[in-house]
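Everything on this sheet refers to the single structure shown next.
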Amino acid sequence: MRLIITESQYKKLIKEDDSQVEYTSEFLDEVTVVVVFENDPLYNQVEGFFEEYGFGFMVPGKNLIIIDGQILEGQPDATSILKFIEAHEITHVLLGHDGPRDEKDELEADLGAYLLLQNKGYYEPIRILLDHFQERHGVEFDESMLDDIKDRM
């Protein structure tokens, strides 16, 4: 089943029996976000990419982000996790990270995600980002880190 939904509708559709959710990113209009679940035939094709790249990835040459819906199932804050992953991947696009990503690219993507989420008033996804920032990057978050990113987004 393939669903095309609006921002307000997708929150209601993330549940066990959906195989895929698709919507336009609110952070970058020309990007489509597809959340795939284990019962979607596409999941078997992209599962290895999730293992290699994490919970989501941008499809090279396409305006498409694919996110692993399995990590969202059963999570009380699934919408916040989804928004964090979406903002992180959009930041990679905005900063031109188009090759293999290194630790600096991942740090920049989290910082950019912070800015995108803050701009839209998404405070719960920011809390999730900050709760995991040090374990993801080996340094504590400091707002002064945002200065370099602000000018490039």
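Chain labels A, B, ... are given in the sequence in which chains occur in the structure tokens; within each chain residues are numbered consecutively from 1, and ligands are likewise numbered from 1 in the order shown.
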
Long-range neighbours of stretch 93-104 of chain A as a PDB file with N, CA and C atoms, in the first residue's frame, 12 Å cut-off, only C-alpha atoms, 2 positions minimum in chain:
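Okay, this is what ended up in around.pdb:
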```pdb
ATOM      1  N   PHE A  27      10.570  20.788   5.161  1.00  0.00           N
ATOM      2  CA  PHE A  27      11.822  21.524   5.255  1.00  0.00           C
ATOM      3  C   PHE A  27      12.374  21.897   3.887  1.00  0.00           C
ATOM      4  N   LEU A  28      12.012  21.130   2.855  1.00  0.00           N
ATOM      5  CA  LEU A  28      12.482  21.369   1.493  1.00  0.00           C
ATOM      6  C   LEU A  28      11.442  20.779   0.553  1.00  0.00           C
ATOM      7  N   GLU A  30      10.876  20.326  -2.531  1.00  0.00           N
ATOM      8  CA  GLU A  30      11.124  19.443  -3.671  1.00  0.00           C
ATOM      9  C   GLU A  30      11.570  18.040  -3.270  1.00  0.00           C
ATOM     10  N   VAL A  31      11.601  17.755  -1.980  1.00  0.00           N
ATOM     11  CA  VAL A  31      12.036  16.441  -1.500  1.00  0.00           C
ATOM     12  C   VAL A  31      10.825  15.656  -0.997  1.00  0.00           C
ATOM     13  N   GLU A  52      23.914   0.173   6.653  1.00  0.00           N
ATOM     14  CA  GLU A  52      25.142   0.906   6.325  1.00  0.00           C
ATOM     15  C   GLU A  52      25.068   2.382   6.692  1.00  0.00           C
ATOM     16  N   TYR A  53      23.915   3.030   6.428  1.00  0.00           N
ATOM     17  CA  TYR A  53      23.813   4.483   6.572  1.00  0.00           C
ATOM     18  C   TYR A  53      22.998   4.961   7.764  1.00  0.00           C
ATOM     19  N   GLY A  54      22.326   4.081   8.446  1.00  0.00           N
ATOM     20  CA  GLY A  54      21.528   4.504   9.589  1.00  0.00           C
ATOM     21  C   GLY A  54      20.047   4.446   9.298  1.00  0.00           C
ATOM     22  N   PHE A  57      18.234   7.740   4.589  1.00  0.00           N
ATOM     23  CA  PHE A  57      19.252   8.169   3.635  1.00  0.00           C
ATOM     24  C   PHE A  57      18.590   8.865   2.455  1.00  0.00           C
ATOM     25  N   MET A  58      19.350   9.730   1.814  1.00  0.00           N
ATOM     26  CA  MET A  58      18.920  10.410   0.606  1.00  0.00           C
ATOM     27  C   MET A  58      19.314   9.539  -0.576  1.00  0.00           C
ATOM     28  N   VAL A  59      18.405   9.319  -1.511  1.00  0.00           N
ATOM     29  CA  VAL A  59      18.715   8.545  -2.704  1.00  0.00           C
ATOM     30  C   VAL A  59      19.500   9.441  -3.653  1.00  0.00           C
ATOM     31  N   PRO A  60      20.741   9.047  -4.005  1.00  0.00           N
ATOM     32  CA  PRO A  60      21.570   9.887  -4.882  1.00  0.00           C
ATOM     33  C   PRO A  60      20.875  10.187  -6.214  1.00  0.00           C
ATOM     34  N   GLY A  61      20.931  11.450  -6.604  1.00  0.00           N
ATOM     35  CA  GLY A  61      20.353  11.870  -7.873  1.00  0.00           C
ATOM     36  C   GLY A  61      18.848  12.020  -7.874  1.00  0.00           C
ATOM     37  N   LYS A  62      18.226  11.769  -6.772  1.00  0.00           N
ATOM     38  CA  LYS A  62      16.759  11.881  -6.655  1.00  0.00           C
ATOM     39  C   LYS A  62      16.450  12.829  -5.504  1.00  0.00           C
ATOM     40  N   ASN A  63      15.298  13.408  -5.532  1.00  0.00           N
ATOM     41  CA  ASN A  63      14.837  14.217  -4.406  1.00  0.00           C
ATOM     42  C   ASN A  63      13.990  13.327  -3.500  1.00  0.00           C
ATOM     43  N   LEU A  64      14.634  12.299  -2.967  1.00  0.00           N
ATOM     44  CA  LEU A  64      13.930  11.274  -2.224  1.00  0.00           C
ATOM     45  C   LEU A  64      14.734  10.852  -1.000  1.00  0.00           C
ATOM     46  N   ILE A  65      14.078  10.874   0.136  1.00  0.00           N
ATOM     47  CA  ILE A  65      14.649  10.367   1.379  1.00  0.00           C
ATOM     48  C   ILE A  65      13.856   9.129   1.761  1.00  0.00           C
ATOM     49  N   GLU A  86      14.286  13.203   9.328  1.00  0.00           N
ATOM     50  CA  GLU A  86      13.997  13.982   8.123  1.00  0.00           C
ATOM     51  C   GLU A  86      14.844  15.256   8.074  1.00  0.00           C
ATOM     52  N   ALA A  87      14.875  16.005   9.173  1.00  0.00           N
ATOM     53  CA  ALA A  87      15.649  17.257   9.210  1.00  0.00           C
ATOM     54  C   ALA A  87      17.142  16.977   9.041  1.00  0.00           C
ATOM     55  N   HIS A  88      17.634  15.897   9.621  1.00  0.00           N
ATOM     56  CA  HIS A  88      19.043  15.513   9.485  1.00  0.00           C
ATOM     57  C   HIS A  88      19.377  15.247   8.011  1.00  0.00           C
ATOM     58  N   GLU A  89      18.545  14.472   7.339  1.00  0.00           N
ATOM     59  CA  GLU A  89      18.800  14.139   5.929  1.00  0.00           C
ATOM     60  C   GLU A  89      18.647  15.371   5.034  1.00  0.00           C
ATOM     61  N   ILE A  90      17.686  16.217   5.303  1.00  0.00           N
ATOM     62  CA  ILE A  90      17.518  17.451   4.518  1.00  0.00           C
ATOM     63  C   ILE A  90      18.749  18.328   4.671  1.00  0.00           C
ATOM     64  N   THR A  91      19.326  18.379   5.862  1.00  0.00           N
ATOM     65  CA  THR A  91      20.533  19.183   6.067  1.00  0.00           C
ATOM     66  C   THR A  91      21.677  18.668   5.200  1.00  0.00           C
ATOM     67  N   GLU A 106      28.284  14.308   9.482  1.00  0.00           N
ATOM     68  CA  GLU A 106      27.214  13.891  10.392  1.00  0.00           C
ATOM     69  C   GLU A 106      26.985  14.914  11.496  1.00  0.00           C
ATOM     70  N   LEU A 107      28.060  15.490  12.008  1.00  0.00           N
ATOM     71  CA  LEU A 107      27.942  16.554  13.010  1.00  0.00           C
ATOM     72  C   LEU A 107      27.203  17.749  12.409  1.00  0.00           C
ATOM     73  N   GLU A 108      27.619  18.158  11.218  1.00  0.00           N
ATOM     74  CA  GLU A 108      26.962  19.292  10.560  1.00  0.00           C
ATOM     75  C   GLU A 108      25.487  19.003  10.298  1.00  0.00           C
ATOM     76  N   ALA A 109      25.163  17.765   9.922  1.00  0.00           N
ATOM     77  CA  ALA A 109      23.763  17.418   9.654  1.00  0.00           C
ATOM     78  C   ALA A 109      22.922  17.506  10.924  1.00  0.00           C
ATOM     79  N   ASP A 110      23.479  17.113  12.058  1.00  0.00           N
ATOM     80  CA  ASP A 110      22.729  17.248  13.315  1.00  0.00           C
ATOM     81  C   ASP A 110      22.570  18.716  13.703  1.00  0.00           C
ATOM     82  N   LEU A 111      23.606  19.506  13.496  1.00  0.00           N
ATOM     83  CA  LEU A 111      23.502  20.935  13.809  1.00  0.00           C
ATOM     84  C   LEU A 111      22.475  21.617  12.902  1.00  0.00           C
ATOM     85  N   GLY A 112      22.509  21.271  11.633  1.00  0.00           N
ATOM     86  CA  GLY A 112      21.518  21.824  10.707  1.00  0.00           C
ATOM     87  C   GLY A 112      20.112  21.364  11.039  1.00  0.00           C
ATOM     88  N   ALA A 113      19.983  20.112  11.454  1.00  0.00           N
ATOM     89  CA  ALA A 113      18.675  19.599  11.858  1.00  0.00           C
ATOM     90  C   ALA A 113      18.145  20.403  13.038  1.00  0.00           C
ATOM     91  N   LEU A 116      16.761  23.622  11.596  1.00  0.00           N
ATOM     92  CA  LEU A 116      15.518  23.404  10.860  1.00  0.00           C
ATOM     93  C   LEU A 116      14.361  23.126  11.814  1.00  0.00           C
ATOM     94  N   ARG A 136      26.616  10.541  19.893  1.00  0.00           N
ATOM     95  CA  ARG A 136      26.760  10.498  18.433  1.00  0.00           C
ATOM     96  C   ARG A 136      28.051  11.161  17.954  1.00  0.00           C
ATOM     97  N   HIS A 137      28.513  12.199  18.684  1.00  0.00           N
ATOM     98  CA  HIS A 137      29.613  13.019  18.167  1.00  0.00           C
ATOM     99  C   HIS A 137      30.811  13.142  19.101  1.00  0.00           C
ATOM    100  N   GLY A 138      30.707  12.647  20.308  1.00  0.00           N
ATOM    101  CA  GLY A 138      31.833  12.677  21.232  1.00  0.00           C
ATOM    102  C   GLY A 138      32.110  14.029  21.858  1.00  0.00           C
ATOM    103  N   VAL A 139      31.226  14.989  21.642  1.00  0.00           N
ATOM    104  CA  VAL A 139      31.345  16.315  22.249  1.00  0.00           C
ATOM    105  C   VAL A 139      29.965  16.747  22.729  1.00  0.00           C
ATOM    106  N   MET A 145      28.382  26.201  18.148  1.00  0.00           N
ATOM    107  CA  MET A 145      28.669  25.303  17.027  1.00  0.00           C
ATOM    108  C   MET A 145      27.771  25.604  15.825  1.00  0.00           C
ATOM    109  N   ASP A 148      28.782  28.259  12.246  1.00  0.00           N
ATOM    110  CA  ASP A 148      29.320  27.857  10.941  1.00  0.00           C
ATOM    111  C   ASP A 148      28.235  27.342  10.015  1.00  0.00           C
ATOM    112  N   ILE A 149      27.244  26.682  10.571  1.00  0.00           N
ATOM    113  CA  ILE A 149      26.179  26.064   9.771  1.00  0.00           C
ATOM    114  C   ILE A 149      25.173  27.095   9.283  1.00  0.00           C
ATOM    115  N   LYS A 150      24.832  28.057  10.123  1.00  0.00           N
ATOM    116  CA  LYS A 150      23.802  29.043   9.796  1.00  0.00           C
ATOM    117  C   LYS A 150      24.042  29.717   8.448  1.00  0.00           C
ATOM    118  N   ASP A 151      25.277  30.066   8.183  1.00  0.00           N
ATOM    119  CA  ASP A 151      25.598  30.790   6.952  1.00  0.00           C
ATOM    120  C   ASP A 151      25.580  29.899   5.714  1.00  0.00           C
ATOM    121  N   ARG A 152      25.592  28.599   5.900  1.00  0.00           N
ATOM    122  CA  ARG A 152      25.687  27.687   4.766  1.00  0.00           C
ATOM    123  C   ARG A 152      24.355  27.028   4.397  1.00  0.00           C
ATOM    124  N   MET A 153      23.338  27.277   5.187  1.00  0.00           N
ATOM    125  CA  MET A 153      22.036  26.632   4.916  1.00  0.00           C
ATOM    126  C   MET A 153      21.065  27.588   4.267  1.00  0.00           C
TER     127      MET A 153
END
```

Sort by chain and increasing residue number a table of all residues of stretch 41-115 of chain A within 7 Å of stretch 124-130 of chain A, each with its closest pair of atoms and their distance in Å to one decimal, counting only C-alpha atoms, and write it as a tab-separated table.
```
residue	atom	partner	partner_atom	distance
A:Ser80	CA	A:Pro125	CA	4.6
A:Ile81	CA	A:Pro125	CA	6.1
A:Lys83	CA	A:Pro125	CA	6.4
A:Phe84	CA	A:Pro125	CA	5.3
A:Tyr114	CA	A:Ile126	CA	6.0
```

Let me see the file: selected residues, C-alpha atoms, as an mmCIF file, in the first residue's frame.
```cif
data_model
loop_
_atom_site.group_PDB
_atom_site.id
_atom_site.type_symbol
_atom_site.label_atom_id
_atom_site.label_comp_id
_atom_site.auth_asym_id
_atom_site.auth_seq_id
_atom_site.Cartn_x
_atom_site.Cartn_y
_atom_site.Cartn_z
ATOM 1 C CA SER A 80 9.509 13.299 16.840
ATOM 2 C CA ILE A 81 12.049 10.653 15.825
ATOM 3 C CA LYS A 83 11.076 14.647 12.175
ATOM 4 C CA PHE A 84 14.631 14.489 13.542
ATOM 5 C CA TYR A 114 18.641 21.538 15.125
#
```

>> Among stretch 16-104 of chain A, which ones does DSSP assign to helix (DSSP H, G or I) (computed from the backbone)? Answer as a VMD selection string.
In response: chain A and resid 41 to 53 69 to 71 78 to 94 103 to 104

Give me a file of those residues, with N, CA and C atoms, as a tab-separated table (two decimals), in the first residue's frame.
```
chain	number	residue	atom	x	y	z
A	41	PRO	N	7.45	-4.54	0.12
A	41	PRO	CA	8.45	-5.22	-0.70
A	41	PRO	C	9.73	-4.39	-0.90
A	42	LEU	N	9.62	-3.08	-0.88
A	42	LEU	CA	10.78	-2.20	-1.01
A	42	LEU	C	11.74	-2.36	0.17
A	43	TYR	N	11.20	-2.74	1.34
A	43	TYR	CA	12.02	-2.82	2.54
A	43	TYR	C	13.22	-3.77	2.34
A	44	ASN	N	12.99	-4.91	1.73
A	44	ASN	CA	14.08	-5.87	1.50
A	44	ASN	C	15.17	-5.28	0.60
A	45	GLN	N	14.79	-4.41	-0.31
A	45	GLN	CA	15.75	-3.79	-1.23
A	45	GLN	C	16.61	-2.73	-0.53
A	46	VAL	N	16.08	-2.08	0.49
A	46	VAL	CA	16.79	-0.97	1.13
A	46	VAL	C	17.31	-1.30	2.53
A	47	GLU	N	16.98	-2.45	3.04
A	47	GLU	CA	17.38	-2.81	4.39
A	47	GLU	C	18.90	-2.73	4.59
A	48	GLY	N	19.67	-3.15	3.61
A	48	GLY	CA	21.13	-3.09	3.70
A	48	GLY	C	21.63	-1.66	3.79
A	49	PHE	N	20.94	-0.75	3.12
A	49	PHE	CA	21.32	0.66	3.20
A	49	PHE	C	21.09	1.22	4.60
A	50	PHE	N	20.01	0.78	5.26
A	50	PHE	CA	19.77	1.21	6.64
A	50	PHE	C	20.89	0.71	7.54
A	51	GLU	N	21.31	-0.52	7.32
A	51	GLU	CA	22.41	-1.06	8.12
A	51	GLU	C	23.69	-0.28	7.89
A	52	GLU	N	23.91	0.17	6.65
A	52	GLU	CA	25.14	0.91	6.33
A	52	GLU	C	25.07	2.38	6.69
A	53	TYR	N	23.91	3.03	6.43
A	53	TYR	CA	23.81	4.48	6.57
A	53	TYR	C	23.00	4.96	7.76
A	69	GLY	N	10.99	2.65	8.72
A	69	GLY	CA	9.81	2.70	9.57
A	69	GLY	C	9.86	1.75	10.74
A	70	GLN	N	10.70	0.72	10.64
A	70	GLN	CA	10.78	-0.26	11.72
A	70	GLN	C	11.24	0.37	13.03
A	71	ILE	N	12.09	1.39	12.96
A	71	ILE	CA	12.57	2.02	14.19
A	71	ILE	C	11.49	2.87	14.85
A	78	ALA	N	7.34	8.49	18.06
A	78	ALA	CA	7.68	8.15	16.68
A	78	ALA	C	7.69	9.39	15.77
A	79	THR	N	6.74	10.27	15.93
A	79	THR	CA	6.67	11.46	15.09
A	79	THR	C	7.90	12.35	15.31
A	80	SER	N	8.33	12.48	16.54
A	80	SER	CA	9.51	13.30	16.84
A	80	SER	C	10.78	12.66	16.28
A	81	ILE	N	10.90	11.35	16.39
A	81	ILE	CA	12.05	10.65	15.82
A	81	ILE	C	12.06	10.84	14.30
A	82	LEU	N	10.90	10.68	13.68
A	82	LEU	CA	10.78	10.85	12.23
A	82	LEU	C	11.19	12.25	11.81
A	83	LYS	N	10.74	13.26	12.52
A	83	LYS	CA	11.08	14.65	12.17
A	83	LYS	C	12.57	14.90	12.33
A	84	PHE	N	13.19	14.34	13.37
A	84	PHE	CA	14.63	14.49	13.54
A	84	PHE	C	15.38	13.87	12.36
A	85	ILE	N	15.03	12.64	11.99
A	85	ILE	CA	15.71	11.97	10.87
A	85	ILE	C	15.51	12.76	9.58
A	86	GLU	N	14.29	13.20	9.33
A	86	GLU	CA	14.00	13.98	8.12
A	86	GLU	C	14.84	15.26	8.07
A	87	ALA	N	14.88	16.00	9.17
A	87	ALA	CA	15.65	17.26	9.21
A	87	ALA	C	17.14	16.98	9.04
A	88	HIS	N	17.63	15.90	9.62
A	88	HIS	CA	19.04	15.51	9.48
A	88	HIS	C	19.38	15.25	8.01
A	89	GLU	N	18.54	14.47	7.34
A	89	GLU	CA	18.80	14.14	5.93
A	89	GLU	C	18.65	15.37	5.03
A	90	ILE	N	17.69	16.22	5.30
A	90	ILE	CA	17.52	17.45	4.52
A	90	ILE	C	18.75	18.33	4.67
A	91	THR	N	19.33	18.38	5.86
A	91	THR	CA	20.53	19.18	6.07
A	91	THR	C	21.68	18.67	5.20
A	92	HIS	N	21.81	17.35	5.06
A	92	HIS	CA	22.84	16.82	4.16
A	92	HIS	C	22.65	17.40	2.75
A	93	VAL	N	21.41	17.47	2.31
A	93	VAL	CA	21.11	18.02	0.98
A	93	VAL	C	21.49	19.50	0.93
A	94	LEU	N	21.04	20.26	1.92
A	94	LEU	CA	21.28	21.71	1.92
A	94	LEU	C	22.78	22.05	1.98
A	103	GLU	N	32.55	11.92	9.79
A	103	GLU	CA	32.05	12.38	11.09
A	103	GLU	C	31.69	13.86	11.07
A	104	LYS	N	32.46	14.66	10.34
A	104	LYS	CA	32.17	16.10	10.25
A	104	LYS	C	30.83	16.33	9.56
```

>> Could you pull out the strand (DSSP E or B) residues of stretch 63-142 of chain A, going by DSSP on the backbone, and write them as a PyMOL selection string?
In response: chain A and resi 64-68
